[in-house]
Structure formats: C-alpha cells, structure tokens
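Source file: protein-v6.cif (mmCIF, C-alpha atoms)
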```
data_target
loop_
_atom_site.group_PDB
_atom_site.id
_atom_site.type_symbol
_atom_site.label_atom_id
_atom_site.label_comp_id
_atom_site.auth_asym_id
_atom_site.auth_seq_id
_atom_site.Cartn_x
_atom_site.Cartn_y
_atom_site.Cartn_z
ATOM 1 C CA GLY D 14 -21.593 -29.935 -24.823
ATOM 2 C CA THR D 15 -18.624 -30.575 -22.557
ATOM 3 C CA GLY D 16 -18.046 -34.287 -23.152
ATOM 4 C CA ASP D 17 -15.206 -36.422 -24.450
ATOM 5 C CA ILE D 18 -15.774 -35.403 -28.069
ATOM 6 C CA GLN D 19 -15.109 -31.722 -27.413
ATOM 7 C CA LEU D 20 -12.154 -32.477 -25.167
ATOM 8 C CA THR D 21 -10.647 -34.871 -27.725
ATOM 9 C CA LEU D 22 -10.999 -32.257 -30.462
ATOM 10 C CA THR D 23 -9.031 -29.755 -28.385
ATOM 11 C CA GLN D 24 -6.321 -32.366 -27.880
ATOM 12 C CA ARG D 25 -6.122 -33.551 -31.485
ATOM 13 C CA LEU D 26 -6.490 -30.205 -33.233
ATOM 14 C CA ASN D 27 -4.791 -26.881 -32.743
ATOM 15 C CA MET D 28 -8.051 -25.045 -32.179
ATOM 16 C CA THR D 29 -7.729 -21.285 -32.377
ATOM 17 C CA ALA D 30 -10.976 -20.340 -30.674
ATOM 18 C CA ALA D 31 -14.495 -21.492 -29.829
ATOM 19 C CA VAL D 32 -17.961 -20.041 -30.407
ATOM 20 C CA ILE D 33 -20.518 -21.063 -27.788
ATOM 21 C CA VAL D 34 -24.062 -21.723 -29.060
ATOM 22 C CA THR D 35 -26.776 -21.922 -26.412
ATOM 23 C CA THR D 36 -30.441 -21.254 -25.623
ATOM 24 C CA PRO D 37 -32.029 -18.935 -23.019
ATOM 25 C CA GLN D 38 -32.952 -21.576 -20.406
ATOM 26 C CA GLU D 39 -31.201 -21.601 -17.021
ATOM 27 C CA LEU D 40 -29.980 -25.171 -17.549
ATOM 28 C CA SER D 41 -28.330 -24.118 -20.803
ATOM 29 C CA PHE D 42 -26.492 -21.356 -18.945
ATOM 30 C CA ALA D 43 -25.003 -23.964 -16.619
ATOM 31 C CA ASP D 44 -23.782 -25.937 -19.662
ATOM 32 C CA VAL D 45 -22.257 -22.792 -21.137
ATOM 33 C CA VAL D 46 -20.341 -22.120 -17.928
ATOM 34 C CA ARG D 47 -18.928 -25.655 -17.958
ATOM 35 C CA GLY D 48 -18.061 -25.318 -21.641
ATOM 36 C CA ILE D 49 -16.223 -22.029 -21.153
ATOM 37 C CA ASP D 50 -14.319 -23.459 -18.173
ATOM 38 C CA MET D 51 -13.375 -26.563 -20.179
ATOM 39 C CA PHE D 52 -12.059 -24.517 -23.107
ATOM 40 C CA ASP D 53 -10.215 -22.223 -20.707
ATOM 41 C CA SER D 54 -8.471 -25.235 -19.131
ATOM 42 C CA VAL D 55 -7.126 -26.250 -22.561
ATOM 43 C CA ASN D 56 -6.207 -22.682 -23.547
ATOM 44 C CA VAL D 57 -8.912 -22.252 -26.196
ATOM 45 C CA PRO D 58 -10.521 -18.789 -25.911
ATOM 46 C CA CYS D 59 -14.278 -18.396 -26.261
ATOM 47 C CA ILE D 60 -14.711 -15.443 -28.609
ATOM 48 C CA ALA D 61 -18.504 -15.268 -29.067
ATOM 49 C CA VAL D 62 -21.797 -16.546 -27.716
ATOM 50 C CA VAL D 63 -24.869 -17.121 -29.899
ATOM 51 C CA GLU D 64 -28.217 -17.533 -28.157
ATOM 52 C CA ASN D 65 -30.644 -19.436 -30.372
ATOM 53 C CA MET D 66 -34.439 -19.274 -29.910
ATOM 54 C CA ALA D 67 -33.965 -16.048 -27.972
ATOM 55 C CA TYR D 68 -37.376 -14.678 -28.893
ATOM 56 C CA TYR D 69 -40.282 -14.899 -31.326
ATOM 57 C CA GLU D 70 -41.421 -11.865 -33.283
ATOM 58 C CA VAL D 71 -45.106 -11.085 -33.871
ATOM 59 C CA ASP D 72 -46.644 -8.204 -35.802
ATOM 60 C CA THR D 73 -48.609 -5.758 -33.706
ATOM 61 C CA VAL D 74 -50.730 -2.846 -34.917
ATOM 62 C CA ALA D 75 -51.710 0.010 -32.640
ATOM 63 C CA PRO D 76 -55.413 0.945 -32.609
ATOM 64 C CA ALA D 77 -56.228 3.453 -35.312
ATOM 65 C CA VAL D 78 -56.768 6.978 -34.020
ATOM 66 C CA VAL D 79 -59.730 8.633 -35.742
ATOM 67 C CA ALA D 80 -59.031 12.307 -36.099
ATOM 68 C CA GLN D 81 -61.901 14.598 -35.244
ATOM 69 C CA PRO D 82 -62.514 17.354 -37.804
ATOM 70 C CA ASP D 83 -62.049 20.939 -36.744
ATOM 71 C CA LEU D 84 -65.640 21.952 -35.952
ATOM 72 C CA GLU D 85 -65.008 25.634 -36.470
ATOM 73 C CA VAL D 86 -63.674 24.975 -39.929
ATOM 74 C CA VAL D 87 -66.655 22.714 -40.704
ATOM 75 C CA LYS D 88 -69.093 25.342 -39.413
ATOM 76 C CA ALA D 89 -67.513 28.017 -41.595
ATOM 77 C CA GLN D 90 -67.755 25.708 -44.605
ATOM 78 C CA PHE D 91 -71.402 24.993 -43.758
ATOM 79 C CA ARG D 92 -72.146 28.715 -43.606
ATOM 80 C CA ASP D 93 -70.529 29.256 -46.953
ATOM 81 C CA GLU D 94 -72.626 26.459 -48.445
ATOM 82 C CA LEU D 95 -75.847 27.830 -46.880
ATOM 83 C CA THR D 96 -75.118 31.324 -48.056
ATOM 84 C CA MET D 97 -74.417 30.110 -51.542
ATOM 85 C CA PHE D 98 -77.567 27.957 -51.435
ATOM 86 C CA ALA D 99 -79.772 30.875 -50.314
ATOM 87 C CA ASP D 100 -78.290 33.245 -52.892
ATOM 88 C CA ASN D 101 -78.902 30.753 -55.653
ATOM 89 C CA ASN D 102 -82.508 30.112 -54.589
ATOM 90 C CA GLY D 103 -83.703 33.636 -53.808
ATOM 91 C CA GLY D 104 -83.842 32.845 -50.067
ATOM 92 C CA GLN D 105 -86.461 30.105 -50.627
ATOM 93 C CA SER D 106 -86.013 26.359 -49.895
ATOM 94 C CA ASP D 107 -88.016 23.117 -49.847
ATOM 95 C CA ASP D 108 -87.425 19.538 -48.692
ATOM 96 C CA ALA D 109 -85.694 18.503 -51.856
ATOM 97 C CA GLN D 110 -83.423 21.472 -51.618
ATOM 98 C CA ILE D 111 -82.691 20.692 -47.972
ATOM 99 C CA GLU D 112 -81.728 17.118 -48.911
ATOM 100 C CA LYS D 113 -79.464 18.471 -51.546
ATOM 101 C CA LEU D 114 -77.922 20.859 -49.057
ATOM 102 C CA THR D 115 -77.466 18.062 -46.494
ATOM 103 C CA ALA D 116 -75.686 15.914 -49.037
ATOM 104 C CA ALA D 117 -73.369 18.793 -49.847
ATOM 105 C CA LEU D 118 -72.577 19.297 -46.160
ATOM 106 C CA LEU D 119 -71.941 15.575 -45.604
ATOM 107 C CA ASP D 120 -69.600 15.603 -48.562
ATOM 108 C CA ILE D 121 -67.612 18.345 -46.840
ATOM 109 C CA VAL D 122 -67.221 16.216 -43.734
ATOM 110 C CA GLN D 123 -66.285 13.140 -45.737
ATOM 111 C CA ARG D 124 -63.633 15.081 -47.613
ATOM 112 C CA THR D 125 -61.956 15.967 -44.301
ATOM 113 C CA GLU D 126 -58.441 14.400 -44.500
ATOM 114 C CA GLN D 127 -57.903 11.377 -42.258
ATOM 115 C CA PRO D 128 -54.413 10.226 -41.058
ATOM 116 C CA PRO D 129 -52.980 7.053 -42.613
ATOM 117 C CA PRO D 130 -53.371 3.847 -40.583
ATOM 118 C CA PRO D 131 -50.433 3.109 -38.248
ATOM 119 C CA ALA D 132 -47.675 0.858 -39.616
ATOM 120 C CA PRO D 133 -47.316 -2.597 -38.001
ATOM 121 C CA THR D 134 -44.469 -3.060 -35.504
ATOM 122 C CA LYS D 135 -42.559 -6.120 -34.258
ATOM 123 C CA GLU D 136 -43.016 -7.343 -30.695
ATOM 124 C CA LYS D 137 -40.367 -9.688 -29.267
ATOM 125 C CA ILE D 138 -41.841 -12.446 -27.122
ATOM 126 C CA GLN D 139 -39.165 -14.238 -25.050
ATOM 127 C CA ILE D 140 -40.746 -17.687 -24.889
ATOM 128 C CA PHE D 141 -37.881 -19.284 -22.925
ATOM 129 C CA GLY D 142 -36.995 -16.331 -20.720
ATOM 130 C CA LYS D 143 -34.788 -13.298 -21.146
ATOM 131 C CA GLY D 144 -31.567 -15.290 -21.610
ATOM 132 C CA HIS D 145 -28.101 -14.849 -20.144
ATOM 133 C CA LEU D 146 -26.040 -12.886 -22.663
ATOM 134 C CA GLN D 147 -25.467 -9.987 -20.277
ATOM 135 C CA ARG D 148 -24.399 -12.342 -17.473
ATOM 136 C CA LEU D 149 -21.910 -14.053 -19.788
ATOM 137 C CA ALA D 150 -20.513 -10.744 -20.978
ATOM 138 C CA GLY D 151 -20.073 -9.524 -17.414
ATOM 139 C CA GLN D 152 -18.812 -12.778 -15.918
ATOM 140 C CA TYR D 153 -16.393 -13.853 -18.651
ATOM 141 C CA GLY D 154 -15.782 -10.679 -20.616
ATOM 142 C CA ILE D 155 -17.182 -12.114 -23.856
ATOM 143 C CA GLU D 156 -18.012 -9.002 -25.842
ATOM 144 C CA ASN D 157 -19.461 -10.630 -28.964
ATOM 145 C CA THR D 158 -22.949 -11.835 -28.018
ATOM 146 C CA PHE D 159 -25.758 -12.455 -30.501
ATOM 147 C CA SER D 160 -29.456 -13.301 -30.205
ATOM 148 C CA MET D 161 -31.190 -15.303 -32.924
ATOM 149 C CA PRO D 162 -35.004 -15.488 -32.958
ATOM 150 C CA LEU D 163 -37.258 -18.383 -33.788
ATOM 151 C CA VAL D 164 -37.751 -18.015 -37.550
ATOM 152 C CA ASN D 165 -39.500 -20.633 -39.660
ATOM 153 C CA ASP D 166 -37.355 -19.964 -42.714
ATOM 154 C CA ILE D 167 -34.110 -20.594 -40.812
ATOM 155 C CA ALA D 168 -35.294 -24.107 -39.976
ATOM 156 C CA LYS D 169 -36.515 -24.697 -43.538
ATOM 157 C CA ASN D 170 -33.238 -23.559 -45.063
ATOM 158 C CA GLY D 171 -31.281 -25.666 -42.612
ATOM 159 C CA ASP D 172 -33.257 -28.755 -43.616
ATOM 160 C CA SER D 173 -32.922 -28.035 -47.333
ATOM 161 C CA GLY D 174 -29.200 -27.306 -47.190
ATOM 162 C CA ASN D 175 -29.605 -23.872 -48.747
ATOM 163 C CA PRO D 176 -28.061 -21.264 -46.407
ATOM 164 C CA TYR D 177 -30.628 -18.860 -45.032
ATOM 165 C CA ILE D 178 -28.364 -15.872 -45.598
ATOM 166 C CA LEU D 179 -28.211 -16.589 -49.347
ATOM 167 C CA GLU D 180 -31.950 -16.928 -49.803
ATOM 168 C CA HIS D 181 -32.867 -14.049 -47.460
ATOM 169 C CA PRO D 182 -29.868 -11.677 -47.624
ATOM 170 C CA ASP D 183 -31.727 -8.526 -46.574
ATOM 171 C CA THR D 184 -33.329 -9.711 -43.326
ATOM 172 C CA PRO D 185 -32.165 -8.613 -39.855
ATOM 173 C CA GLN D 186 -31.248 -12.235 -39.095
ATOM 174 C CA SER D 187 -28.885 -12.368 -42.080
ATOM 175 C CA GLU D 188 -27.228 -9.183 -40.877
ATOM 176 C CA THR D 189 -26.741 -10.833 -37.470
ATOM 177 C CA TYR D 190 -25.009 -13.760 -39.182
ATOM 178 C CA ARG D 191 -22.742 -11.362 -41.067
ATOM 179 C CA GLU D 192 -21.922 -9.484 -37.872
ATOM 180 C CA LEU D 193 -21.086 -12.790 -36.167
ATOM 181 C CA ALA D 194 -18.778 -13.733 -39.050
ATOM 182 C CA ARG D 195 -16.988 -10.372 -38.887
ATOM 183 C CA SER D 196 -16.512 -10.736 -35.139
ATOM 184 C CA VAL D 197 -15.123 -14.269 -35.464
ATOM 185 C CA ILE D 198 -12.627 -13.200 -38.147
ATOM 186 C CA LYS D 199 -11.408 -10.320 -35.992
ATOM 187 C CA GLU D 200 -11.139 -12.351 -32.782
ATOM 188 C CA VAL D 201 -9.466 -15.344 -34.481
ATOM 189 C CA SER D 202 -6.798 -13.050 -35.874
ATOM 190 C CA LYS D 203 -6.108 -11.683 -32.399
ATOM 191 C CA ALA D 204 -6.166 -15.165 -30.815
ATOM 192 C CA LYS D 205 -3.662 -16.584 -33.321
ATOM 193 C CA HIS D 206 -1.218 -13.810 -32.553
ATOM 194 C CA THR D 207 -1.607 -14.335 -28.808
ATOM 195 C CA GLN D 208 -1.309 -18.133 -28.973
ATOM 196 C CA ASN D 209 1.790 -18.053 -31.141
ATOM 197 C CA ALA D 210 3.374 -15.605 -28.751
ATOM 198 C CA ASN D 211 2.430 -17.650 -25.658
ATOM 199 C CA ARG D 212 3.283 -21.154 -26.914
ATOM 200 C CA PRO D 213 6.544 -22.245 -25.228
ATOM 201 C CA ASN D 214 9.637 -23.323 -27.118
ATOM 202 C CA VAL D 215 10.499 -26.886 -26.039
ATOM 203 C CA SER D 216 13.659 -28.791 -27.001
ATOM 204 C CA TYR D 217 15.880 -31.571 -25.691
ATOM 205 C CA ASP D 218 19.572 -30.818 -25.044
ATOM 206 C CA GLN D 219 21.172 -34.228 -25.451
ATOM 207 C CA ASP D 220 24.633 -33.105 -24.308
ATOM 208 C CA ALA D 221 23.343 -31.554 -21.074
ATOM 209 C CA HIS D 222 20.577 -34.183 -20.770
ATOM 210 C CA ILE D 223 17.915 -31.594 -19.952
ATOM 211 C CA ILE D 224 14.659 -30.476 -21.509
ATOM 212 C CA ARG D 225 14.711 -26.768 -22.295
ATOM 213 C CA TYR D 226 11.418 -24.958 -21.806
ATOM 214 C CA ASP D 227 11.779 -21.367 -23.020
ATOM 215 C CA ASP D 228 14.420 -19.889 -20.680
ATOM 216 C CA GLU D 229 13.955 -22.639 -18.080
ATOM 217 C CA SER D 230 15.000 -26.282 -17.987
ATOM 218 C CA ILE D 231 13.900 -29.515 -16.336
ATOM 219 C CA LYS D 232 15.436 -32.956 -15.988
ATOM 220 C CA PRO D 233 13.773 -35.589 -18.186
ATOM 221 C CA ALA D 234 13.434 -37.989 -15.217
ATOM 222 C CA THR D 235 11.679 -35.281 -13.174
ATOM 223 C CA LEU D 236 9.205 -34.647 -15.968
ATOM 224 C CA ARG D 237 8.634 -38.386 -16.508
ATOM 225 C CA ARG D 238 7.861 -38.873 -12.804
ATOM 226 C CA GLY D 239 5.345 -36.041 -13.032
ATOM 227 C CA CYS D 240 3.129 -37.894 -15.516
ATOM 228 C CA LYS D 241 -0.497 -37.945 -14.337
ATOM 229 C CA CYS D 242 -1.952 -40.398 -16.836
ATOM 230 C CA ALA D 243 -4.181 -43.295 -15.730
ATOM 231 C CA VAL D 244 -1.207 -45.669 -15.868
ATOM 232 C CA CYS D 245 0.857 -43.539 -13.480
ATOM 233 C CA VAL D 246 -1.850 -42.226 -11.122
ATOM 234 C CA GLU D 247 -5.022 -43.938 -9.933
ATOM 235 C CA GLU D 248 -7.845 -42.001 -11.521
ATOM 236 C CA MET D 249 -10.423 -42.077 -8.714
ATOM 237 C CA SER D 250 -8.223 -41.677 -5.646
ATOM 238 C CA GLY D 251 -5.294 -39.777 -7.148
ATOM 239 C CA LYS D 252 -2.911 -42.281 -5.567
ATOM 240 C CA GLN D 253 0.524 -42.505 -7.193
ATOM 241 C CA ILE D 254 0.964 -45.789 -9.087
ATOM 242 C CA LEU D 255 4.307 -45.037 -10.684
ATOM 243 C CA ASP D 256 7.247 -45.690 -8.358
ATOM 244 C CA PRO D 257 9.698 -42.793 -8.829
ATOM 245 C CA GLY D 258 12.544 -45.233 -8.280
ATOM 246 C CA ASP D 259 11.488 -47.136 -11.390
ATOM 247 C CA VAL D 260 12.279 -44.149 -13.602
ATOM 248 C CA ASP D 261 15.838 -44.262 -14.943
ATOM 249 C CA GLU D 262 17.717 -41.002 -14.467
ATOM 250 C CA MET D 263 18.931 -41.331 -18.069
ATOM 251 C CA ILE D 264 15.451 -41.574 -19.567
ATOM 252 C CA ARG D 265 15.054 -39.230 -22.514
ATOM 253 C CA PRO D 266 12.279 -37.939 -24.768
ATOM 254 C CA VAL D 267 12.151 -39.637 -28.159
ATOM 255 C CA MET D 268 9.416 -37.535 -29.740
ATOM 256 C CA TRP D 269 7.525 -34.499 -28.541
ATOM 257 C CA GLY D 270 5.128 -31.883 -29.855
ATOM 258 C CA PRO D 271 2.195 -29.652 -28.918
ATOM 259 C CA THR D 272 -1.254 -31.076 -28.267
ATOM 260 C CA GLY D 273 -3.849 -28.450 -29.035
ATOM 261 C CA ASN D 274 -2.951 -25.097 -27.530
ATOM 262 C CA TYR D 275 -2.497 -26.209 -23.962
ATOM 263 C CA ALA D 276 -0.214 -29.229 -23.593
ATOM 264 C CA LEU D 277 2.954 -31.030 -24.618
ATOM 265 C CA SER D 278 2.884 -34.663 -25.717
ATOM 266 C CA ILE D 279 6.056 -36.731 -25.160
ATOM 267 C CA GLU D 280 7.066 -40.237 -26.223
ATOM 268 C CA TRP D 281 9.684 -41.518 -23.754
ATOM 269 C CA SER D 282 12.574 -43.896 -24.289
ATOM 270 C CA ASP D 283 10.903 -46.369 -21.898
ATOM 271 C CA GLY D 284 7.960 -46.648 -24.326
ATOM 272 C CA HIS D 285 5.557 -44.565 -22.219
ATOM 273 C CA SER D 286 3.499 -41.680 -23.624
ATOM 274 C CA SER D 287 2.729 -38.637 -21.492
ATOM 275 C CA LEU D 288 0.603 -35.525 -21.849
ATOM 276 C CA TYR D 289 1.636 -32.463 -19.850
ATOM 277 C CA PRO D 290 -0.399 -29.237 -19.721
ATOM 278 C CA TYR D 291 1.973 -26.290 -20.020
ATOM 279 C CA LYS D 292 0.843 -25.082 -16.599
ATOM 280 C CA LYS D 293 1.867 -28.439 -15.113
ATOM 281 C CA ILE D 294 5.334 -28.207 -16.644
ATOM 282 C CA ARG D 295 5.779 -24.769 -15.103
ATOM 283 C CA THR D 296 4.791 -26.194 -11.727
ATOM 284 C CA LEU D 297 7.276 -29.076 -12.064
ATOM 285 C CA ILE D 298 10.060 -26.659 -12.976
ATOM 286 C CA GLU D 299 9.385 -24.597 -9.864
ATOM 287 C CA GLU D 300 9.271 -27.750 -7.715
ATOM 288 C CA GLN D 301 12.597 -28.893 -9.180
ATOM 289 C CA LYS D 302 14.162 -25.536 -8.283
ATOM 290 C CA VAL D 303 13.069 -25.983 -4.678
ATOM 291 C CA LYS D 304 14.391 -29.572 -4.612
ATOM 292 C CA ASP D 305 17.729 -28.546 -6.131
ATOM 293 C CA LEU D 306 18.068 -25.806 -3.525
ATOM 294 C CA LYS D 307 17.388 -28.308 -0.747
ATOM 295 C CA GLU D 308 20.026 -30.676 -2.135
ATOM 296 C CA ILE D 309 22.540 -27.839 -2.197
ATOM 297 C CA ASN D 310 21.733 -27.223 1.477
ATOM 298 C CA GLY D 311 21.977 -30.934 2.287
ATOM 299 C CA GLU D 312 18.225 -31.356 2.734
ATOM 300 C CA GLY D 313 17.551 -33.663 -0.218
ATOM 301 C CA ASP D 314 15.120 -36.538 0.387
ATOM 302 C CA GLY D 315 15.570 -38.802 -2.631
ATOM 303 C CA TYR D 316 13.443 -38.927 -5.743
ATOM 304 C CA ASP D 317 10.986 -36.296 -6.811
ATOM 305 C CA MET D 318 7.442 -36.946 -5.586
ATOM 306 C CA VAL D 319 4.995 -34.903 -7.685
#
```

Taking this structure as input, can you express it in the form of structure tokens?
Amino acid sequence: GTGDIQLTLTQRLNMTAAVIVTTPQELSFADVVRGIDMFDSVNVPCIAVVENMAYYEVDTVAPAVVAQPDLEVVKAQFRDELTMFADNNGGQSDDAQIEKLTAALLDIVQRTEQPPPPAPTKEKIQIFGKGHLQRLAGQYGIENTFSMPLVNDIAKNGDSGNPYILEHPDTPQSETYRELARSVIKEVSKAKHTQNANRPNVSYDQDAHIIRYDDESIKPATLRRGCKCAVCVEEMSGKQILDPGDVDEMIRPVMWGPTGNYALSIEWSDGHSSLYPYKKIRTLIEEQKVKDLKEINGEGDGYDMV
C-alpha cells in the first residue's frame, strides 16, 4: 500500500530499502507504481519486486507414441520360426501345429521393445494475466524480480506458522525464496553504503549563527520561514499562513536529527517543530544565495518568501 502507515514508517525508521510485493493484475501495477514513487520521494530504494499468484502449475502428459515394429525384422523372424517348424515336423503340419506356430509368432511381436511412457511436464497457467515484472524492470531499473506461483502448501505453511522453505527445502519455490534473500542481502549492503555517503552533515554554528549543511550554509530564520507544515502553510490551497515577519532573525535550532533517509527534523527555539526534506533544504540554500546577491546589488525586497 501507499497510505499513512507506510509513509510514517519511512519517517520514524531509518529504512534501508523496500521490497515490493504485488500480484499480476493491472490495478496492482498501478499500486506498485505509486509505491515506488512514494519510496523514491523519501529516498528509500526499491531493491526487488515479488509477484505473488503469478501462475498455477498443472501436470501435463503428452500422448504416448506407440512404436511400430520393424516389419522386415518381424518377417525375417517369422521365416526363421517357420523354417524351424517345418524342419522339426518333416514338412507336415495340422491345425494344432498352426495354432502353436501362431502363438510363437505373436510372442515375437509382443516381445518387440516398446519405448517408456513420456514423463509428465509442468504447464504454467497465468490465471490473472502475464504480470508486469518486465515493465517494472524496464521502467524503474529493478533487476531483482521474482514470480511465485499459487501453491497450496505455501498457504498451509503460512497459516500454521511453519515456514514453507523449512518443510519443503528442495522445491523450486524454496529456491526462489533463497534467491530473493540473497538478492536482498546484496542490495541492502550496497544501499547502506550509498545512503551513508549521501546523507548530509548538518550542524549549527552558534558563533556565526548559521546552519551548516555539508559545505553550504543557511540562516536559521530562512530555514524556519521555509517550513511547509500544516501550521505554516494551508494544506489544500498551499497558501502561506506563517508571516515571515513573525520569525525572529535570532531564532535557532534547539534539536535536530535525520528523519528516515530523506529529511531533517528540527525543534526550534520558538517551540515549533519542522520537517525538511533534504531536497527542500538544497532549494532554500540556492534561493538564499540569489537573495543575498540581490541585497548586495541593492535589490533586496525584505523577508524571504519561500
């Protein structure tokens, strides 16, 4: 889903990555797209997609092919039997002897080697359609995609609390679970390295009265005026509620820290709490540079309006 629960989790926890679980229907694909976009907006990478109920397997057996005996070989064997029969009976025969000869010939045919019956094969029936794994891989670059079939034992093990992979370790489905686990471990390791490298270093320089953001800086009052919470900005219309003139130029951050992987949470000296996505802070820094340049050129127009 893409509701408040998932969004709150990304804000409260430092989530490393997400695995999307879906089904083949078109409506589910739309939900997946919204989910990936939501996680992308909060800097949580989607590292794998699992498509449940992708297909149902049924056993199929090809029609048995009855091999025809080599007639020339059978004829030669018949001749040998007839010759042997005539030699043993002085060239004479009667009905009883003919029956005996016929039985011998039939036995030859019956002893002709027949091929073994064909082995059963698995046919995949896509009950809910062919799914969207290829579209997701192409559209979002998600390389780790997995299809799980409808299997009665998976449901039974889920209800009983006994993991399917422990009770049925040698099935193709268990191997898919293991492959998924290996992929998640690999991608999480890569994501942690990337997130730690990309997370900005934020501090407050009390002497200079500026907030340092990596190699950049921003005035605390400018950042406070840029708050977009429901108290500062009308949610439906986007109209500014906070009057920039009400923000003291000497306001300072009292506490601050990361929220998830995408934002900075700040407690201000005026008692207000703000949440700033890192992208928003970058935008405010660039806007402050433009404003400072205008003030140097005598073009300043008062408080920041962001």

- Query: Near D:Gly48, within 12 Å and counting all atoms listed in the file, which residues show up once chain neighbours fewer than 2 positions away are dropped, as a list in words?
  - Reply: Gly14, Thr15, Gly16, Asp17, Gln19, Leu20, Ala31, Val32, Ile33, Val34, Thr35, Ser41, Phe42, Ala43, Asp44, Val45, Val46, Asp50, Met51, Phe52, Asp53, Ser54, Val55, Val57, Pro58, Cys59, Val62 and Tyr153 of chain D

- Message: Report as number ranges by chain all protein, DNA and RNA residues lying within 12 Å of D:Pro185, evaluated on only C-alpha atoms, omitting residues in the same chain fewer than 5 positions from it.
- Response: D: 70, 159-162, 164, 177-178, 190-192

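Listed by chain and then by number, the residues chosen by the PyMOL selection byres ((chain D and resi 298) around 9) in this file are Glu229, Ser230, Ile231, Lys232, Thr235, Leu236, Lys293, Ile294, Arg295, Thr296, Leu297, Glu299, Glu300, Gln301, Lys302 and Val303 of chain D.
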
- Name the closest residue to D:Ala61 among the candidates D:Asp220, D:Glu200, D:Glu136, D:Asp283; distances are taken between atoms, counting only C-alpha atoms.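 For D:Ala61, the nearest of the given residues is D:Glu200.
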
- Which residues, written as a ChimeraX atom specification, have at least one atom at most 12 Å from stretch 258-271 of chain D, with all atoms listed in the file counted and residues fewer than 3 positions away on the same chain left out? /D:23-28,55,209,212-225,231-240,245,254-255,274-291,315-318

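The space between atom CA of D:Lys137 and atom CA of D:Lys199 spans 29.7 Å.
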
- Task: For the structure provided, state which residues fall under the PyMOL selection byres ((chain D and resi 134) around 6), and present them as a PyMOL selection string.
- Result: chain D and resi 72-73+133+135

- Query: Can you tell me how far atom CA of D:Tyr69 sits from atom CA of D:Ala30, in Å to one decimal?
  - Reply: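 Computing it gives 29.8 Å between the two atoms.
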
- Note on the structure: Atom pair atom CA of D:Asp93 + atom CA of D:Ala116, distance 14.5 Å

- Task: Would you list the residues near (-28.2, -15.1, -19.5), meaning any protein, DNA or RNA residue with an atom at most 10 Å from that point in file coordinates, counting all atoms listed in the file, as a PyMOL selection string?
- Result: chain D and resi 35-39+41-43+45+64+142-150

- Item | Using only C-alpha atoms: which of D:Thr189, D:Thr207, D:Ser196, D:Gln139 has the shortest distance to D:Met66 |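 Using only C-alpha atoms, D:Met66 sits closest to D:Gln139.
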
- Task: Go through D:Ala243, D:Ile155, D:Ile167, D:Leu193 and flag the residue nearest D:Ile49, using only C-alpha atoms for the distances.
- Result: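 For D:Ile49, the nearest of the given residues is D:Ile155.
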
What are the centre and the three edge lengths of an axis-aligned box that wraps all atoms of stretch 156-161 of chain D in the file, given that 8 Å is added to every side, written as AutoDock Vina command-line options and rounded to one decimal in Å?
```
--center_x -24.6 --center_y -12.2 --center_z -29.4 --size_x 29.2 --size_y 22.3 --size_z 23.1
```
